[in-house]
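> I'd like to ask you about the structure that follows.
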Amino acid sequence: ARQLPPGPNVLHVLGYLPQLIYKPHIALQKLAKIYGPLLSFHLGIQLMVVASSPDTAREFCKTHDRVFSGRHLPTVYHNLPGTLDSSIVLSPECSKSWKLLRSIGQNCVFSSKAMETNARIRKAKVMDMLTLLRAREGQVVHLEDVMFATLANIISSALTSRNLFDIEGQETNDYKAMMALVNEVIEKTTTLGLVDFLPILKVIDFWSKRKAMDMCRKIKLTWGDIVNERRTSAKHDNPSSTKDFLDIVIADGAFSEDQIGNALMELLIGATDSTTITTVWLMVELLKNQEMLSKVRDEIAQTVEGDELSESLLSQCHYFQACIKETLRLHLPAPLLVPHRAIETCKVNNYVIPKDSMVLVNAWGIARDPKYWEDATSFKPERFLASRISHRGAHFEYLPFGTGLRMCPGSSVAFKNIQLLVGSLLHYFDWSLPNGKDLITIDTNEKYVTTLKKEKPLLLIPRLREQNLIG
Ligand code: HEM
């Protein structure tokens, strides 16, 4: 058994190339139908290996988890000062700095204790969001922007005890510039995959260098002052104040200003992007299904019983939670997870997977496979009510957050935030479309930009529900 897994030849790959770039989850699903649940092919010089079934996903993320726990670092990051030792998401191996940053993140953001400490922050930021929406009653709201700003403020408060956005002043240039920055970083790292795979495009390598410099400048602009101010102040020396992420990385002493900026940037994107996308899809699915929407609202109202809406009450709303799980099944924000890399050569199902292969798990395809899911492409939250399947990585037919060593450390944070943000939107407001059209007409077209998001913005008009007065 010295063979690579079966797969398309160069010409066949060329035929699929546009779809592999713009809708890779769909292209890979089609290829898996031809070549089976473990396939491989060359994209330029890069060997790609794709797992498309729960069993093959288990091989990569559990049986041989350590071997496949590497990542490829896109070219742009090689040009970004300090990235190599200041990343959780892109760390090429589960290195010492990866472990350290993940454990600092655990202390300040991801763990249940940190989430408890940060409950106060979430409450305050959601109140800011509700105040904004109340002020915008009857006007058109760009829901993704509002969700993004709220989530960005929640995470930046946990990281640096600062708001990144003035949610009331959303129209200001600062806000727009920051949005553009975050989107640019995400899009660039996606398209730059091409530069890495197709050596002929190396001629535009200089372009990636320029973009890296741009990013470096903007990261400095965003966090430079905050980091320097904190370095000179004695906050992290004061044992009585709660330490945030920034206090701890500074106190560790091992990270430069560039590295701290990169780590903050990465956590900001990790925590806001996929979560924002999920809140938008959840709203779309519920607004299109008025019966389900009523069920969610009734459940929340019965649990709250006229009291203030709270996280602990929302966590008792099982139907609403099933709706969140079903949204994460049908609209996986990271359809191919984050690509893994083989750190050494390994045998899987009697095939050889060479060192440095890029390993993709088509979690999107698996979550829509009729072999494992009844009526697989319909939105049916009920399926999660009677099932023990959870998002914690033990069920390989459902991996919205991946599993194993590189699993998303923020899955519980994400779940809590989605629950609180969308629960509040639905409990306190009614929503309609700007053109007076029926909500059922909201389109569900998707756009792939590493993440899979709604293509067109969700524009909605909020109206307060009189029966549920805010605060
Ligand atoms: C609905 C929301 C989210 C989804 C669907 C999601 C999904 C994922 C996925 C699929 C991965 C890669 C797993 C793999 O490599 O196999 C990942 C990694 C990661 N996520 Fe999330 N995520 C979400 C929210 C968050 C939040 C809220 C945070 C931070 C608070 C976060 C921080 C990270 C980090 C740091 C990594 C890198 C882990 C590593 O490479 O060791 N994510 N996420």
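Naming scheme: A, B, ... for chains in displayed order of the structure tokens; residues 1 onward per chain; ligands 1 onward as shown.
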Give me, as a list of chain:residue names, all polymer residues having an atom no more than 12 Å from Leu14 of chain A, counting only C-alpha atoms and skipping those fewer than 2 positions away in the same chain.
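The filter keeps A:Pro8, A:Asn9, A:Val10, A:Leu11, A:His12, A:Tyr16, A:Leu17, A:Pro18, A:Gln19, A:Leu20, A:Ile21, A:Ala27, A:Phe41, A:His42, A:Leu43, A:Gly44, A:Leu198.
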> What would the file look like if the residues just selected were written as a short mmCIF file (atom, residue, chain, number, x, y, z; two decimals), in the first residue's frame with N, CA and C atoms?

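As a result, selection.cif now contains:
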data_model
loop_
_atom_site.label_atom_id
_atom_site.label_comp_id
_atom_site.auth_asym_id
_atom_site.auth_seq_id
_atom_site.Cartn_x
_atom_site.Cartn_y
_atom_site.Cartn_z
N PRO A 8 -9.02 12.99 -9.05
CA PRO A 8 -8.99 13.47 -10.42
C PRO A 8 -7.57 13.77 -10.89
N ASN A 9 -7.31 13.60 -12.20
CA ASN A 9 -6.00 13.97 -12.74
C ASN A 9 -5.95 15.47 -13.04
N VAL A 10 -4.80 15.93 -13.53
CA VAL A 10 -4.59 17.37 -13.71
C VAL A 10 -5.67 18.01 -14.58
N LEU A 11 -5.99 17.36 -15.69
CA LEU A 11 -6.98 17.94 -16.60
C LEU A 11 -8.36 18.05 -15.96
N HIS A 12 -8.72 16.98 -15.28
CA HIS A 12 -10.00 16.94 -14.59
C HIS A 12 -10.06 18.07 -13.53
N TYR A 16 -12.47 21.62 -12.98
CA TYR A 16 -13.17 21.98 -11.74
C TYR A 16 -12.66 23.27 -11.11
N LEU A 17 -11.57 23.82 -11.68
CA LEU A 17 -10.86 24.90 -10.98
C LEU A 17 -11.73 26.09 -10.56
N PRO A 18 -12.55 26.63 -11.51
CA PRO A 18 -13.35 27.78 -11.06
C PRO A 18 -14.22 27.44 -9.86
N GLN A 19 -14.83 26.23 -9.90
CA GLN A 19 -15.68 25.87 -8.77
C GLN A 19 -14.85 25.58 -7.51
N LEU A 20 -13.65 25.03 -7.71
CA LEU A 20 -12.80 24.78 -6.55
C LEU A 20 -12.41 26.08 -5.86
N ILE A 21 -12.30 27.15 -6.63
CA ILE A 21 -11.95 28.44 -6.03
C ILE A 21 -13.17 29.11 -5.40
N ALA A 27 -17.70 21.63 -5.10
CA ALA A 27 -16.83 20.89 -6.02
C ALA A 27 -16.32 19.60 -5.34
N PHE A 41 -5.73 14.97 -4.83
CA PHE A 41 -5.40 15.52 -6.16
C PHE A 41 -4.36 16.62 -5.97
N HIS A 42 -3.70 16.97 -7.07
CA HIS A 42 -2.73 18.06 -7.01
C HIS A 42 -3.37 19.36 -7.45
N LEU A 43 -3.16 20.41 -6.66
CA LEU A 43 -3.56 21.75 -7.06
C LEU A 43 -2.25 22.51 -7.21
N GLY A 44 -1.81 22.65 -8.48
CA GLY A 44 -0.45 23.16 -8.68
C GLY A 44 0.51 22.18 -8.04
N LEU A 198 -0.38 27.72 -7.15
CA LEU A 198 -0.01 27.75 -8.55
C LEU A 198 1.28 28.54 -8.70
#
> Residues within 7 Å of ligand 1, counting only C-alpha atoms and all ligand atoms: report them as number ranges by chain.
A: 88-91, 109-110, 155, 267, 270-272, 274-275, 278, 328, 332-334, 337-340, 400-403, 405-411, 413-415
> Could you check which of A:Asp369, A:Glu382, A:Glu466, A:Asp244 is closest to Ala114 of chain A, using only C-alpha atoms?
A:Asp244
> Show which residues sit within 12 Å of segment 64-66 of chain A, as an MDAnalysis selection string. Count only C-alpha atoms, and ignore same-chain residues fewer than 4 positions away.
chainID A and resid 56:60 70:71 93:95 340:349 353 359 402:407
> Next, write the just-selected residues to a file, as a compact mmCIF listing (two decimals), in the first residue's frame, keeping C-alpha atoms as the atom set.

# COMPACT_ATOMS: atom_id res chain seq x y z
CA THR A 56 -12.57 9.48 7.18
CA ALA A 57 -12.95 12.66 9.28
CA ARG A 58 -12.41 10.48 12.36
CA GLU A 59 -9.17 9.08 10.85
CA PHE A 60 -7.70 12.58 10.43
CA GLY A 70 -0.34 21.09 11.34
CA ARG A 71 -1.44 24.10 9.28
CA GLU A 93 2.36 23.06 14.41
CA CYS A 94 0.97 22.64 17.90
CA SER A 95 4.06 24.50 19.13
CA HIS A 340 -4.89 20.90 8.28
CA ARG A 341 -1.36 19.80 7.25
CA ALA A 342 0.32 16.43 7.67
CA ILE A 343 3.42 17.04 9.80
CA GLU A 344 4.77 13.64 8.77
CA THR A 345 3.91 10.88 6.28
CA CYS A 346 1.11 8.64 7.52
CA LYS A 347 -0.98 5.70 6.33
CA VAL A 348 -4.74 6.14 6.34
CA ASN A 349 -7.12 3.39 5.18
CA ILE A 353 -0.68 10.55 2.93
CA VAL A 359 -5.99 17.97 4.52
CA GLY A 402 -14.07 20.73 13.96
CA THR A 403 -12.70 18.29 16.54
CA GLY A 404 -9.42 17.10 18.06
CA LEU A 405 -6.30 19.13 18.83
CA ARG A 406 -7.14 22.04 16.51
CA MET A 407 -10.84 22.15 17.37
> Name the closest residue to Asn468 of chain A among the candidates A:Lys416, A:Ala301, A:Gly436, A:Ser357; distances are taken between atoms, counting only C-alpha atoms.
A:Ala301
> Ranking A:Thr83, A:Gln3, A:Arg120, A:Thr131 by minimum distance to Glu266 of chain A and counting only C-alpha atoms, which one comes first?
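Closest residue, counting only C-alpha atoms: A:Thr83.
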